[in-house]
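Coordinates from query_2.cif are shown below (mmCIF, C-alpha atoms).
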```cif
data_input
#
loop_
_atom_site.label_atom_id
_atom_site.label_comp_id
_atom_site.auth_asym_id
_atom_site.auth_seq_id
_atom_site.Cartn_x
_atom_site.Cartn_y
_atom_site.Cartn_z
CA MET F 11 70.23 128.44 75.73
CA ALA F 12 70.38 126.69 79.06
CA THR F 13 73.67 128.45 79.88
CA ILE F 14 72.18 131.86 79.15
CA GLY F 15 69.23 131.08 81.38
CA TRP F 16 71.54 129.92 84.15
CA THR F 17 73.76 133.05 83.87
CA HIS F 18 70.67 135.22 83.93
CA GLN F 19 69.42 133.50 87.03
CA ARG F 20 72.77 133.88 88.85
CA LEU F 21 72.85 137.58 87.86
CA GLU F 22 69.38 138.05 89.32
CA GLN F 23 70.54 136.39 92.52
CA LEU F 24 73.59 138.67 92.61
CA ARG F 25 71.27 141.67 92.24
CA GLN F 26 69.38 140.58 95.33
CA THR F 27 72.48 140.48 97.55
CA ARG F 28 72.97 143.17 100.16
CA ALA F 29 76.40 144.12 98.79
CA TRP F 30 74.99 144.75 95.28
CA ARG F 31 72.01 146.67 96.60
CA SER F 32 74.28 148.86 98.75
CA ILE F 33 76.21 149.89 95.62
CA PHE F 34 73.30 150.16 93.16
CA ARG F 35 70.34 151.45 95.13
CA ARG F 36 67.89 151.25 92.21
CA GLY F 37 66.67 148.11 90.59
CA PRO F 38 67.56 147.18 87.00
CA ALA F 39 67.09 150.05 84.51
CA ARG F 40 64.17 148.56 82.61
CA THR F 41 61.59 151.31 82.68
CA ASN F 42 61.94 155.00 81.79
CA ARG F 43 61.65 155.83 85.48
CA THR F 44 64.37 153.46 86.66
CA ARG F 45 66.59 154.46 83.72
CA SER F 46 66.25 158.12 84.73
CA LEU F 47 66.95 157.25 88.36
CA ALA F 48 70.06 155.31 87.32
CA VAL F 49 71.42 158.42 85.56
CA PHE F 50 70.44 160.78 88.40
CA GLY F 51 72.02 158.56 91.04
CA ASN F 52 75.36 158.07 89.30
CA LEU F 53 78.19 160.52 89.99
CA GLY F 54 79.69 160.06 86.54
CA LEU F 55 76.44 160.17 84.60
CA HIS F 56 74.47 162.85 86.44
CA VAL F 57 76.21 165.68 84.54
CA LEU F 58 74.73 164.22 81.37
CA PRO F 59 71.15 164.85 80.29
CA VAL F 60 68.67 162.16 81.28
CA LYS F 61 66.82 162.57 77.99
CA VAL F 62 68.12 163.82 74.65
CA ARG F 63 66.39 164.61 71.40
CA GLU F 64 67.07 161.96 68.81
CA LYS F 65 68.16 164.63 66.32
CA SER F 66 71.02 165.74 68.57
CA LEU F 67 72.48 162.23 68.38
CA SER F 68 72.78 162.31 64.60
CA VAL F 69 76.27 162.64 63.11
CA ARG F 70 75.34 165.79 61.22
CA ALA F 71 74.23 167.59 64.38
CA THR F 72 77.70 167.70 65.94
CA TYR F 73 80.03 165.42 63.96
CA TYR F 74 80.69 164.18 67.55
CA LEU F 75 83.49 166.77 67.74
CA GLY F 76 82.98 167.47 71.44
CA SER F 77 82.95 163.76 72.25
CA ILE F 78 86.05 163.24 70.08
CA SER F 79 87.85 166.04 71.95
CA PHE F 80 86.90 164.46 75.28
CA PHE F 81 87.93 160.99 74.11
CA LEU F 82 91.31 162.37 73.03
CA PHE F 83 91.66 164.04 76.46
CA VAL F 84 91.10 160.62 78.09
CA VAL F 85 93.68 159.02 75.75
CA LEU F 86 96.14 161.81 76.61
CA THR F 87 95.56 161.36 80.34
CA VAL F 88 96.18 157.60 80.20
CA THR F 89 99.24 157.77 77.90
CA GLY F 90 100.57 160.79 79.79
CA ILE F 91 100.41 159.01 83.14
CA LEU F 92 102.19 155.99 81.61
CA LEU F 93 104.93 158.24 80.17
CA MET F 94 105.47 159.74 83.63
CA PHE F 95 106.84 156.38 84.82
CA TYR F 96 109.98 156.88 82.72
CA TYR F 97 110.31 160.66 82.50
CA HIS F 98 112.39 162.83 84.86
CA PRO F 99 111.77 166.58 84.53
CA ALA F 100 115.47 167.32 84.98
CA VAL F 101 118.42 168.54 82.90
CA PRO F 102 119.84 166.53 81.13
CA ASP F 103 117.76 163.44 82.08
CA ALA F 104 114.65 164.65 80.25
CA TYR F 105 116.24 164.36 76.81
CA ARG F 106 117.80 160.97 77.62
CA ASP F 107 114.49 159.65 78.98
CA MET F 108 112.87 160.67 75.72
CA LYS F 109 115.52 158.73 73.77
CA ASP F 110 115.04 155.78 76.17
CA LEU F 111 111.31 155.84 75.51
CA ILE F 112 111.98 155.69 71.78
CA TYR F 113 114.77 153.11 71.65
CA VAL F 114 114.83 151.11 74.90
CA VAL F 115 111.47 150.94 76.67
CA SER F 116 109.06 148.27 75.39
CA ASN F 117 106.24 149.97 73.48
CA GLY F 118 107.64 153.32 74.65
CA VAL F 119 107.72 154.73 71.14
CA PHE F 120 104.08 153.69 70.66
CA LEU F 121 102.93 155.45 73.84
CA ARG F 122 105.00 158.53 73.13
CA ASN F 123 103.77 158.87 69.57
CA LEU F 124 100.20 158.18 70.66
CA HIS F 125 100.50 160.99 73.24
CA ARG F 126 101.99 163.37 70.68
CA LEU F 127 99.55 162.56 67.86
CA ALA F 128 96.53 162.60 70.18
CA ALA F 129 97.68 166.02 71.44
CA GLN F 130 97.86 167.38 67.91
CA ALA F 131 94.53 165.77 67.05
CA MET F 132 92.96 167.28 70.17
CA VAL F 133 94.01 170.80 69.17
CA VAL F 134 92.46 170.20 65.73
CA ALA F 135 89.29 168.64 67.22
CA VAL F 136 88.80 171.45 69.75
CA PHE F 137 89.21 174.16 67.09
CA TRP F 138 86.92 172.32 64.68
CA HIS F 139 84.37 171.89 67.48
CA MET F 140 84.53 175.64 68.14
CA PHE F 141 84.08 176.56 64.46
CA HIS F 142 81.23 174.07 64.12
CA VAL F 143 79.44 175.50 67.17
CA PHE F 144 80.05 179.01 65.84
CA TYR F 145 78.63 178.34 62.38
CA ARG F 146 75.63 176.52 63.89
CA SER F 147 74.96 179.55 66.16
CA GLY F 148 75.52 177.32 69.19
CA TYR F 149 76.99 180.30 71.10
CA LYS F 150 73.64 182.15 71.16
CA PRO F 151 71.34 182.24 74.21
CA PRO F 152 70.81 180.14 76.24
CA HIS F 153 74.25 178.68 75.47
CA GLU F 154 76.33 181.85 75.80
CA PHE F 155 77.91 180.93 79.15
CA ASN F 156 78.85 177.47 77.89
CA TRP F 157 80.54 179.18 74.93
CA VAL F 158 82.71 181.09 77.42
CA ILE F 159 83.55 177.84 79.25
CA GLY F 160 84.46 176.42 75.84
CA ILE F 161 86.85 179.33 75.19
CA GLY F 162 88.44 178.51 78.56
CA LEU F 163 88.81 174.89 77.45
CA LEU F 164 90.37 176.01 74.16
CA MET F 165 92.91 178.08 76.13
CA VAL F 166 93.67 175.18 78.49
CA THR F 167 94.13 172.87 75.47
CA LEU F 168 96.58 175.31 73.87
CA PHE F 169 98.50 175.82 77.15
CA LEU F 170 98.69 172.04 77.62
CA SER F 171 100.02 171.70 74.10
CA TYR F 172 102.53 174.50 74.69
CA THR F 173 103.81 173.28 78.09
CA GLY F 174 104.13 169.74 76.74
CA TYR F 175 106.26 171.04 73.91
CA LEU F 176 109.19 171.87 76.24
CA LEU F 177 109.32 168.50 77.99
CA PRO F 178 111.38 166.55 75.36
CA TRP F 179 114.13 169.12 76.04
CA ASP F 180 115.46 169.10 72.48
CA GLN F 181 116.40 172.00 70.22
CA LEU F 182 112.87 172.32 68.82
CA ALA F 183 111.46 172.51 72.35
CA PHE F 184 114.08 174.97 73.58
CA TRP F 185 113.62 177.47 70.75
CA ALA F 186 109.84 177.18 70.67
CA ILE F 187 109.73 178.05 74.37
CA THR F 188 112.33 180.82 73.85
CA VAL F 189 110.13 182.41 71.21
CA GLY F 190 106.89 181.79 73.14
CA THR F 191 108.08 183.22 76.45
CA ASN F 192 109.54 186.24 74.64
CA ILE F 193 106.10 186.85 73.14
CA ILE F 194 104.73 186.85 76.72
CA SER F 195 107.29 189.49 77.74
CA TYR F 196 105.73 191.90 75.21
CA VAL F 197 102.62 192.16 77.46
CA PRO F 198 102.64 195.72 78.83
CA VAL F 199 103.98 196.13 82.40
CA LEU F 200 103.25 192.54 83.52
CA GLY F 201 105.02 190.78 80.62
CA ARG F 202 108.49 190.46 82.16
CA PRO F 203 107.28 189.44 85.66
CA ILE F 204 104.99 186.80 84.11
CA ARG F 205 107.91 185.44 82.05
CA PHE F 206 110.08 185.37 85.19
CA LEU F 207 107.39 183.49 87.16
CA LEU F 208 106.76 181.06 84.30
CA LEU F 209 110.45 180.25 83.78
CA GLY F 210 111.45 180.52 87.44
CA GLY F 211 114.39 182.66 86.31
CA HIS F 212 115.74 184.60 83.36
CA ILE F 213 116.81 181.66 81.23
CA ILE F 214 115.17 178.45 80.06
CA GLY F 215 116.84 175.98 82.39
CA GLN F 216 116.09 173.46 85.12
CA ASN F 217 113.51 175.70 86.85
CA ALA F 218 111.61 176.31 83.63
CA LEU F 219 111.52 172.59 82.77
CA LEU F 220 110.17 171.69 86.23
CA ARG F 221 107.54 174.44 86.14
CA PHE F 222 106.33 173.46 82.70
CA TYR F 223 106.19 169.84 83.86
CA VAL F 224 104.04 170.67 86.90
CA LEU F 225 101.77 172.89 84.79
CA HIS F 226 101.50 170.19 82.12
CA CYS F 227 100.91 167.22 84.43
CA VAL F 228 98.95 168.69 87.36
CA ILE F 229 97.64 172.24 87.18
CA LEU F 230 96.35 172.40 83.59
CA PRO F 231 94.78 168.87 83.54
CA LEU F 232 92.95 169.69 86.80
CA ALA F 233 91.68 172.93 85.28
CA ALA F 234 90.60 170.98 82.19
CA VAL F 235 88.69 168.38 84.24
CA VAL F 236 86.80 171.06 86.18
CA LEU F 237 85.96 173.02 83.00
CA ILE F 238 84.92 169.84 81.13
CA ALA F 239 82.58 168.89 83.99
CA VAL F 240 80.95 172.34 83.97
CA HIS F 241 80.80 172.27 80.15
CA PHE F 242 78.93 168.94 80.06
CA TRP F 243 76.65 169.89 82.93
CA ARG F 244 75.71 173.19 81.28
CA ILE F 245 74.66 171.38 78.08
CA GLN F 246 71.99 169.69 80.19
CA LYS F 247 71.05 172.83 82.14
CA ASP F 248 70.80 174.91 78.94
CA GLY F 249 68.28 172.52 77.44
CA GLY F 250 70.41 170.19 75.36
CA LEU F 251 72.46 170.64 72.21
CA THR F 252 71.59 173.15 69.53
CA VAL F 253 69.83 171.26 66.75
CA ARG F 254 68.83 172.74 63.44
CA ASP F 255 65.29 171.99 62.35
CA ASP F 256 66.29 171.08 58.80
CA HIS F 257 68.24 168.06 60.06
CA ASP F 258 65.74 165.31 59.55
CA MET D 10 56.58 201.20 109.59
CA PRO D 11 57.73 204.75 108.83
CA GLY D 12 56.96 207.31 111.48
CA GLU D 13 56.36 204.68 114.09
CA PRO D 14 58.33 205.41 117.28
CA ASN D 15 61.09 202.98 118.14
CA PRO D 16 60.38 200.60 120.94
CA PRO D 17 62.21 201.69 124.07
CA GLY D 18 65.78 200.37 124.38
CA LYS D 19 66.13 199.63 120.60
CA PRO D 20 68.53 201.72 118.43
CA GLU D 21 67.43 203.81 115.45
CA ALA D 22 66.21 201.15 112.98
CA LYS D 23 66.98 203.11 109.79
CA ASN D 24 70.78 203.06 110.01
CA ALA D 25 71.14 200.07 112.21
CA VAL D 26 73.24 197.14 111.00
CA SER D 27 71.92 193.82 112.13
CA ARG D 28 74.22 191.52 114.01
CA ARG D 29 74.00 188.97 111.19
CA ASP D 30 75.01 191.54 108.52
CA PHE D 31 77.81 192.84 110.72
CA LEU D 32 79.26 189.36 111.30
CA ASN D 33 78.84 188.45 107.62
CA GLU D 34 80.74 191.56 106.56
CA ILE D 35 83.50 190.98 109.10
CA ALA D 36 83.82 187.34 108.01
CA GLY D 37 83.71 188.26 104.30
CA GLY D 38 86.33 190.96 104.79
CA ALA D 39 88.59 188.60 106.74
CA LEU D 40 88.26 185.95 104.02
CA ALA D 41 89.02 188.50 101.29
CA ILE D 42 92.14 189.73 103.12
CA ALA D 43 93.27 186.15 103.75
CA GLY D 44 92.62 185.31 100.08
CA ILE D 45 94.63 188.28 98.80
CA GLY D 46 97.37 187.42 101.27
CA ALA D 47 97.43 183.82 100.04
CA VAL D 48 97.80 185.00 96.42
CA VAL D 49 100.60 187.44 97.33
CA VAL D 50 102.44 184.82 99.39
CA THR D 51 102.11 182.23 96.60
CA VAL D 52 103.42 184.63 93.93
CA LYS D 53 106.35 185.48 96.26
CA TYR D 54 106.97 181.78 96.80
CA ALA D 55 106.98 181.16 93.05
CA SER D 56 109.60 183.90 92.44
CA PRO D 57 112.99 182.33 93.18
CA ASN D 58 115.39 184.39 95.31
CA VAL D 59 118.53 182.48 94.41
CA LEU D 60 119.15 181.55 90.79
CA PHE D 61 121.75 179.08 89.63
CA GLU D 62 122.24 180.78 86.30
CA PRO D 63 125.57 181.40 84.54
CA PRO D 64 127.39 184.59 85.64
CA THR D 65 126.52 187.62 83.55
CA THR D 66 129.95 189.25 83.67
CA PHE D 67 132.76 187.64 81.73
CA ARG D 68 136.32 188.37 80.60
CA ALA D 69 136.86 188.44 76.87
CA GLY D 70 140.64 188.47 76.61
CA SER D 71 142.93 191.26 75.45
CA PRO D 72 141.74 193.90 72.93
CA ASP D 73 144.70 192.85 70.80
CA ASP D 74 142.99 189.50 70.18
CA TYR D 75 140.46 191.32 68.01
CA PRO D 76 141.77 192.82 64.74
CA VAL D 77 140.45 196.17 63.53
CA ASN D 78 137.29 195.86 61.38
CA SER D 79 136.31 192.47 62.74
CA VAL D 80 133.22 190.90 64.26
CA THR D 81 133.97 187.98 66.57
CA TYR D 82 131.24 185.72 67.93
CA LEU D 83 131.79 184.33 71.42
CA GLN D 84 129.56 181.27 71.37
CA ASP D 85 129.61 180.52 75.11
CA GLN D 86 128.40 184.01 75.93
CA GLN D 87 126.23 184.64 72.86
CA VAL D 88 127.96 188.00 72.38
CA TYR D 89 129.70 189.65 69.42
CA ILE D 90 132.86 191.65 70.06
CA VAL D 91 133.04 194.28 67.30
CA ARG D 92 136.17 196.28 66.64
CA THR D 93 136.44 199.12 64.13
CA ASP D 94 138.88 202.01 63.81
CA LYS D 95 136.55 203.97 66.14
CA GLY D 96 136.82 201.49 69.01
CA MET D 97 135.21 198.36 70.42
CA TRP D 98 131.76 197.36 71.60
CA ALA D 99 129.94 194.21 72.65
CA LEU D 100 126.66 193.26 70.96
CA SER D 101 124.13 190.76 72.22
CA ALA D 102 123.62 187.95 69.71
CA VAL D 103 120.02 187.50 70.92
CA CYS D 104 117.59 188.78 68.32
CA THR D 105 115.35 191.55 69.67
CA HIS D 106 112.35 190.09 67.87
CA LEU D 107 111.73 186.77 69.65
CA GLY D 108 115.07 185.80 71.16
CA CYS D 109 116.70 183.54 68.58
CA ILE D 110 120.49 183.53 68.26
CA THR D 111 121.74 185.54 65.28
CA GLN D 112 124.76 184.85 63.06
CA TRP D 113 127.45 187.12 61.62
CA LYS D 114 127.50 186.91 57.82
CA PRO D 115 130.90 188.25 56.63
CA GLU D 116 129.90 188.07 52.95
CA SER D 117 127.15 190.68 53.42
CA SER D 118 128.64 192.36 56.53
CA GLN D 119 125.37 191.78 58.36
CA ILE D 120 124.17 190.00 61.46
CA ALA D 121 121.24 187.78 60.40
CA CYS D 122 118.60 185.96 62.44
CA PRO D 123 117.61 182.49 61.15
CA CYS D 124 114.15 182.48 62.73
CA HIS D 125 112.28 185.34 61.06
CA GLY D 126 114.86 186.95 58.76
CA SER D 127 115.82 190.06 60.73
CA LYS D 128 119.12 191.64 59.64
CA PHE D 129 121.32 193.99 61.67
CA ALA D 130 124.36 196.13 60.90
CA ARG D 131 127.43 195.52 63.04
CA SER D 132 126.45 198.64 64.97
CA GLY D 133 123.34 196.66 65.99
CA ILE D 134 120.93 198.80 63.95
CA VAL D 135 118.04 196.92 62.27
CA GLU D 136 118.43 196.80 58.49
CA ALA D 137 115.63 194.39 57.62
CA GLY D 138 113.00 192.11 59.08
CA PRO D 139 110.58 192.18 62.00
CA ALA D 140 113.04 193.05 64.81
CA PRO D 141 111.62 196.08 66.65
CA ARG D 142 114.85 197.35 68.24
CA PRO D 143 118.60 197.32 67.56
CA LEU D 144 120.69 194.55 69.11
CA ARG D 145 121.55 195.39 72.72
CA HIS D 146 124.97 196.87 73.51
CA PHE D 147 126.60 195.56 76.69
CA ALA D 148 128.97 197.57 78.83
CA VAL D 149 132.63 196.88 77.96
CA THR D 150 135.42 197.99 80.28
CA LEU D 151 139.10 197.28 80.60
CA GLY D 152 140.08 195.36 83.72
CA GLU D 153 143.14 196.17 85.80
CA ASP D 154 145.17 193.64 83.83
CA GLY D 155 144.11 195.23 80.53
CA ALA D 156 141.62 192.48 79.63
CA LEU D 157 138.13 193.22 78.34
CA VAL D 158 135.28 192.78 80.82
CA VAL D 159 131.75 192.53 79.45
CA ASP D 160 128.71 192.94 81.73
CA LYS D 161 125.60 191.39 80.15
CA LEU D 162 123.30 192.90 82.79
CA GLU D 163 124.34 196.45 81.90
CA VAL D 164 122.83 197.58 78.61
CA VAL D 165 124.43 200.78 77.33
CA LYS D 166 123.74 203.27 74.53
CA GLU D 167 125.07 202.59 71.05
CA THR D 168 127.33 205.64 71.32
CA GLU D 169 129.31 204.18 74.24
CA ILE D 170 132.35 202.76 72.50
CA LEU D 171 135.53 201.59 74.18
CA LYS D 172 138.45 203.52 72.67
CA VAL D 173 141.54 201.33 72.40
#
```

Can you dump the structure from the file as structure tokens?
Amino acid sequence: MATIGWTHQRLEQLRQTRAWRSIFRRGPARTNRTRSLAVFGNLGLHVLPVKVREKSLSVRATYYLGSISFFLFVVLTVTGILLMFYYHPAVPDAYRDMKDLIYVVSNGVFLRNLHRLAAQAMVVAVFWHMFHVFYRSGYKPPHEFNWVIGIGLLMVTLFLSYTGYLLPWDQLAFWAITVGTNIISYVPVLGRPIRFLLLGGHIIGQNALLRFYVLHCVILPLAAVVLIAVHFWRIQKDGGLTVRDDHD
Amino acid sequence: MPGEPNPPGKPEAKNAVSRRDFLNEIAGGALAIAGIGAVVVTVKYASPNVLFEPPTTFRAGSPDDYPVNSVTYLQDQQVYIVRTDKGMWALSAVCTHLGCITQWKPESSQIACPCHGSKFARSGIVEAGPAPRPLRHFAVTLGEDGALVVDKLEVVKETEILKV
């Protein structure tokens, strides 16, 4: 008990220092007011609602599908960045790097499989989230704009999944991208130019691999982060999650 | 106030554009033009001018290498050289559905796609499956030395057959 008291005392002293007070302007979050101020004054937390209804925290309200999707996005970001240390988006290095990750690099196969499985799980989670919101009428006013943001996030998730598919540079990747980019070329008038821009040429080669890599690692994740931020912030601005009254 | 005379030295108030509106419109217009220009320049930048892709014209040997009533697959070029008693033509092996590489099946005299089950006659015509168009015919000519030259950029009609 004495140790706890001592630690507590030191912590209190730390809280009084100028350095601490310059970082955390508010005092300890012990009252409703200071708790609210702590959320308002934090860059990461201020997109979240300060108060939520208890019902909207129940498992049945959301099955936590949005949170699961976001958690998987974080897992994918971390594992993806780690995979980038060993991966060259070049022909034929890409395929060899993938084999290296599986057979040579310590824990490489774990990270690679985690990235792949989390990606597949994220597609499932995002779709399930969408269906759940749809069947609970979560797209109705005042949430209709957030529904549109959600459709954008679904698209970004699918594009991330698709661009990541080419990166192992194996037969599966090559033919999936062949089929996919030929589907794009069926778009009237703009189809062929879009395919040319996406592949950086007429064939799936070095240019296409590099473009898909940049889309997968920079452009699409940035788009996802912006859309996720707006999505979370709008939940708060639209008055919280949709909760059915019969969930007691 | 309507009907009130303008103060001396001031322009007609009704149609006048305030300095603030004028400058805002000029600035907005300039930004819009610069924005459109940035998009155009970026799209241009993203379209490569020089491509390091394999050449599209290739030599396919002498016509005598191909017996009458045969379909020969040239794997490096993904092209079939077909020869019948009517003449010769070159068929793209790329399926017109979604771009998979087809295979010649001698037992059924058909060209079949493994991806979605499209089947083509050796004339390129679709016989089954989801393919929307016949296989493409490439221009075949005889070079000065009598060898076949196939141009994969030049798609020709099915009726253009090289008489040999």

At a cut-off of 7 Å, using only C-alpha atoms, what residues contact region 104-107 of chain F? Leave out same-chain residues fewer than 5 positions from it and give the result as a ChimeraX atom specification.
/F:96-99,177-180

Saved selection, atoms kept: C-alpha atoms, as a CSV table (one decimal), keeping the file's coordinate frame:
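again-v3.csv was written with the following content:
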```csv
chain,number,residue,atom,x,y,z
F,96,TYR,CA,110.0,156.9,82.7
F,97,TYR,CA,110.3,160.7,82.5
F,98,HIS,CA,112.4,162.8,84.9
F,99,PRO,CA,111.8,166.6,84.5
F,177,LEU,CA,109.3,168.5,78.0
F,178,PRO,CA,111.4,166.6,75.4
F,179,TRP,CA,114.1,169.1,76.0
F,180,ASP,CA,115.5,169.1,72.5
```

Taken to one decimal, the CA of Asp103 (chain F)-CA of Arg122 (chain F) distance is 16.3 Å

Can you pull out the residues contacting Lys114 (chain D)? Cut-off 12 Å, using only C-alpha atoms, and skip same-chain residues under 5 positions away; I want them as a VMD selection string.
chain D and resid 79 to 82 119 to 123 128 to 131

Counting all atoms listed in the file, the residue of D:Lys53, D:Arg142, D:Arg28, D:Lys161 that sits nearest chain F:
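Among D:Lys53, D:Arg142, D:Arg28, D:Lys161, it is D:Lys53 that comes nearest to chain F.
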
Kindly provide, as a ChimeraX atom specification, the residues of chain F having any atom no farther than 8 Å from an atom of chain D, counting all atoms listed in the file.
/F:185,188-190,192-193,206-207,210-211,213

Skipping near chain neighbours, those fewer than 4 positions away, what residues fall within 10 Å of region 78-80 of chain F using all atoms listed in the file, listed as a VMD selection string?
chain F and resid 73 to 74 84 to 86 128 to 129 131 to 139 167 235 238

Taking C-alpha atoms for each residue, export the selection above as a PDB file, keeping the file's coordinate frame.
```pdb
ATOM      1  CA  TYR F  73      80.030 165.420  63.960  1.00  0.00           C
ATOM      2  CA  TYR F  74      80.690 164.180  67.550  1.00  0.00           C
ATOM      3  CA  VAL F  84      91.100 160.620  78.090  1.00  0.00           C
ATOM      4  CA  VAL F  85      93.680 159.020  75.750  1.00  0.00           C
ATOM      5  CA  LEU F  86      96.140 161.810  76.610  1.00  0.00           C
ATOM      6  CA  ALA F 128      96.530 162.600  70.180  1.00  0.00           C
ATOM      7  CA  ALA F 129      97.680 166.020  71.440  1.00  0.00           C
ATOM      8  CA  ALA F 131      94.530 165.770  67.050  1.00  0.00           C
ATOM      9  CA  MET F 132      92.960 167.280  70.170  1.00  0.00           C
ATOM     10  CA  VAL F 133      94.010 170.800  69.170  1.00  0.00           C
ATOM     11  CA  VAL F 134      92.460 170.200  65.730  1.00  0.00           C
ATOM     12  CA  ALA F 135      89.290 168.640  67.220  1.00  0.00           C
ATOM     13  CA  VAL F 136      88.800 171.450  69.750  1.00  0.00           C
ATOM     14  CA  PHE F 137      89.210 174.160  67.090  1.00  0.00           C
ATOM     15  CA  TRP F 138      86.920 172.320  64.680  1.00  0.00           C
ATOM     16  CA  HIS F 139      84.370 171.890  67.480  1.00  0.00           C
ATOM     17  CA  THR F 167      94.130 172.870  75.470  1.00  0.00           C
ATOM     18  CA  VAL F 235      88.690 168.380  84.240  1.00  0.00           C
ATOM     19  CA  ILE F 238      84.920 169.840  81.130  1.00  0.00           C
TER      20      ILE F 238
END
```

Using the chain letters and numbers from the file, give me the residues hit by the PyMOL selection byres ((chain F and resi 54-64) around 8), as a PyMOL selection string.
chain F and resi 46+49-53+65-68+239+242-243+245-246+250

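When CA of Ala156 (chain D) is paired with CA of Gly70 (chain D), their separation reads 5.1 Å.
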
I want to know what sits within 12 Å of region 11-24 of chain F, based on all atoms listed in the file, with residues of the same chain fewer than 4 positions away left out; could you give that as a PyMOL selection string?
chain F and resi 28-34+37-38

Determine the residue set returned by the PyMOL selection byres ((chain D and resi 145) around 7) for the present structure, and present it as a list of chain:residue names.
D:Leu100, D:Ser101, D:Pro143, D:Leu144, D:His146, D:Phe147, D:Val164

In Å, with one decimal, what is the gap from CA of Val88 (chain F) to CA of Leu163 (chain F)?
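These atoms are spaced 19.0 Å apart.
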
Given the point (132.3, 198.4, 68.5) in the file's coordinates, find the residues that have an atom at most 10 Å from it, counting all atoms listed in the file, and give them as an NGL selection string.
:D and (77-80 or 89-100 or 131-133 or 146 or 149 or 167-172)

Only C-alpha atoms needed: put region 174-214 of chain F from the block into a file as an mmCIF file, in the first residue's frame.
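decode39.cif, freshly written:
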```cif
data_model
loop_
_atom_site.group_PDB
_atom_site.id
_atom_site.type_symbol
_atom_site.label_atom_id
_atom_site.label_comp_id
_atom_site.auth_asym_id
_atom_site.auth_seq_id
_atom_site.Cartn_x
_atom_site.Cartn_y
_atom_site.Cartn_z
ATOM 1 C CA GLY F 174 -2.480 -4.900 -53.158
ATOM 2 C CA TYR F 175 -3.381 -7.984 -55.149
ATOM 3 C CA LEU F 176 -0.831 -7.179 -57.900
ATOM 4 C CA LEU F 177 2.130 -6.595 -55.591
ATOM 5 C CA PRO F 178 3.201 -10.274 -55.051
ATOM 6 C CA TRP F 179 3.762 -10.350 -58.835
ATOM 7 C CA ASP F 180 2.768 -14.004 -59.214
ATOM 8 C CA GLN F 181 0.489 -15.646 -61.767
ATOM 9 C CA LEU F 182 -2.625 -15.088 -59.643
ATOM 10 C CA ALA F 183 -1.796 -11.384 -59.338
ATOM 11 C CA PHE F 184 -0.965 -10.966 -63.021
ATOM 12 C CA TRP F 185 -4.177 -12.541 -64.322
ATOM 13 C CA ALA F 186 -6.415 -10.900 -61.735
ATOM 14 C CA ILE F 187 -5.077 -7.498 -62.787
ATOM 15 C CA THR F 188 -5.342 -8.472 -66.478
ATOM 16 C CA VAL F 189 -9.014 -9.285 -66.020
ATOM 17 C CA GLY F 190 -9.670 -6.276 -63.756
ATOM 18 C CA THR F 191 -8.054 -3.679 -66.006
ATOM 19 C CA ASN F 192 -9.847 -5.158 -69.029
ATOM 20 C CA ILE F 193 -13.126 -4.663 -67.167
ATOM 21 C CA ILE F 194 -12.130 -0.983 -66.749
ATOM 22 C CA SER F 195 -11.553 -0.673 -70.510
ATOM 23 C CA TYR F 196 -15.245 -1.485 -71.087
ATOM 24 C CA VAL F 197 -16.171 1.947 -69.623
ATOM 25 C CA PRO F 198 -17.538 3.979 -72.548
ATOM 26 C CA VAL F 199 -15.093 6.470 -74.140
ATOM 27 C CA LEU F 200 -12.872 6.881 -71.047
ATOM 28 C CA GLY F 201 -12.234 3.160 -70.442
ATOM 29 C CA ARG F 202 -9.079 2.751 -72.540
ATOM 30 C CA PRO F 203 -7.429 6.034 -71.429
ATOM 31 C CA ILE F 204 -8.120 5.141 -67.773
ATOM 32 C CA ARG F 205 -6.567 1.689 -68.286
ATOM 33 C CA PHE F 206 -3.543 3.312 -69.965
ATOM 34 C CA LEU F 207 -3.102 5.781 -67.076
ATOM 35 C CA LEU F 208 -3.556 3.057 -64.458
ATOM 36 C CA LEU F 209 -1.049 0.686 -66.074
ATOM 37 C CA GLY F 210 1.313 3.379 -67.353
ATOM 38 C CA GLY F 211 1.311 1.570 -70.700
ATOM 39 C CA HIS F 212 -0.507 -1.086 -72.679
ATOM 40 C CA ILE F 213 0.783 -4.125 -70.823
ATOM 41 C CA ILE F 214 1.030 -5.132 -67.177
#
```
